[in-house]
Amino acid sequence: MCADTIAPRGIAESNGAGVSSVVSEPRAPRLYPRRRARRRHSARPERFSLLIVRGDGTRVFRCNVPRANAVAAGIAIAVLGASIAGLVTDYVRGRNMVRQAAAVHRELAEQREVIQSFNRRVVDLRREVGGWREFHARIWAPFGPDAAHGRRDTSVGGGTVASEEAAPTSPIGELDRLTETVMREGESLRALDRIMTRAGKVLAGLPSRWPIRGAVNSEYGNRQDPWTKAPEFHAGLDIQADTGTAVRAPAAGTVVVAGRYAEYGNAVIIDHGQDIKTLYGHLSKFVATPGQTVERGAIIAYSGNTGRSSGPHLHYEILVKGKAVNPRAYLWD
Ligand SMILES: [Zn+2]
């Protein structure tokens with residue numbers, strides 16, 4: 001059915017170089033009357049020929065195919081082409097989806113890392129805030145159990161904190177617990193602020209500062225008398241200081257004594273109110289005068305070695321309701 005042949009010059013020129021095409025078989029020359037030709041045409045099935053022409057147009061490959069086969073082949077080629085197009089489309093779409101999935105996967109990993117970092121920080125914060133409870137309990141202890149009105153939790157210790165840490169955590173749960181703890185501690189701080197505002201004036205009146213800086217040669221309490229070596233009670237602190245060192249008021253008050261005061265030699269006594277007085281002995285020079293009001297930190301005198309003293313120093317005494325107490329109980333720094 002198919003055969004190589006020498007192409008007539010006319011056919012080669014009309015098809016052009018290297019072109020394959022399916023064309024109808026050339027009509028036979030009209031050698032017979034029209035009626036006979038029509039009868040012959042209906043008797044033989046129409047055929048199609050596949051012509052392959054060389055570039056120089058000299059050779060032709062011809063393949064005759066019945067019409068039905070040609071149509072079937074065309075349909076098969078069309079179906080195959082459509083299938084390939086569909087497969088290519090699906091492949092491209094699938095490749096895009098894989099790329100998008102990889103991007104989403106990376107984004108999810110980053111978000112997971114952010115959430116884990118957030119959780120760790122919230123846990124650290126909650127542990128820190130939880131530690132405030134013990135701190136607050138120590139602050140509140142001097143004011144008594146009823147001082148902190150409205151506080152829901154005055155317990156001391158880490159039991160509650162530990163149980164919260166052991167509980168399963170989620171970002172929202174952690175945030176809720178942290179918020180609750182911060183709100184509770186904030187409430188406690190505000191209550192403490194109210195009390196401290198009221199107590200501030202009282203605290204400011206306490207002799208909480210050192211009147212002079214230096215080594216303590218003799219503490220408050222029982223000791224051996226420097227001269228007789230007999231046991232005696234020392235009612236204050238002996239702070240070593242060169243003669244002429246400035247002595248400052250440890251709190252605001254009114255000077256009630258500035259002069260000779262028995263064995264203390266030159267002495268100053270300040271009344272701070274609230275039944276608290278301070279005494280400074282063995283001074284060399286006075287600055288404050290009796291009846292004068294002094295502020296915290298004001299220079300009231302200069303240290304020396306007057307009275308019953310074995311060397312230059314300051315004898316510092318705190319009296320509460322007339323009775324000497326250990327000054328170290330009042331010194332905050
Ligand atoms: Zn002394």
# chains A, B, ... in the order shown; residues from 1 in each chain; ligands from 1

$ select_by_dssp --residues "region 46-281 of chain A" --states "helix (DSSP H, G or I)" --output "MDAnalysis selection string"
chainID A and resid 67:143 159:166 171:204 262:264

$ residues_near_ligand --ligand "ligand 1" --cutoff "9 Å" --atoms "only C-alpha atoms and all ligand atoms" --output "list in words"
Asn217, Ser218, Glu219, Tyr220, His234, Ala235, Gly236, Leu237, Asp238, Ile239, Tyr264, Gly281, His282, Arg308, Ser309, His313, Leu314, His315, Tyr316 and Glu317 of chain A

$ atom_distance --atom1 "CA of Ile172 (chain A)" --atom2 "CA of Leu189 (chain A)"
25.4 Å

$ residues_around --residues "Val65 (chain A)" --least-positions-apart "3" --cutoff "7 Å" --atoms "only C-alpha atoms" --output "PyMOL selection string"
chain A and resi 47-49+69-70

$ closest_residue --among "A:Ser188, A:Leu51, A:Val60, A:Thr254" --to "Phe135 (chain A)" --atoms "only C-alpha atoms"
A:Ser188

$ closest_residue --among "A:Ala252, A:Ile269, A:Ala298, A:Val122" --to "Val202 (chain A)" --atoms "only C-alpha atoms"
A:Ala252

$ atom_distance --atom1 "CA of Arg177 (chain A)" --atom2 "CA of Val123 (chain A)"
9.9 Å

$ closest_residue --among "A:Ala249, A:Ala103, A:Ala230, A:Ala191" --to "Arg296 (chain A)" --atoms "only C-alpha atoms"
A:Ala249

$ residues_around --residues "Glu185 (chain A)" --least-positions-apart "6" --cutoff "8 Å" --atoms "only C-alpha atoms" --output "list in words"
Val129, Trp132 and Arg133 of chain A

$ write_last_selection --atoms "C-alpha atoms" --output "CSV table (one decimal), in the first residue's frame"
chain,number,residue,atom,x,y,z
A,129,VAL,CA,6.4,36.3,89.2
A,132,TRP,CA,7.2,37.3,94.3
A,133,ARG,CA,4.7,35.6,96.6

$ closest_residue --among "A:Leu108, A:Thr181, A:Asn96, A:Arg198" --to "Arg127 (chain A)" --atoms "only C-alpha atoms"
A:Thr181

$ atom_distance --atom1 "CA of Gly291 (chain A)" --atom2 "CA of Ala251 (chain A)"
15.6 Å
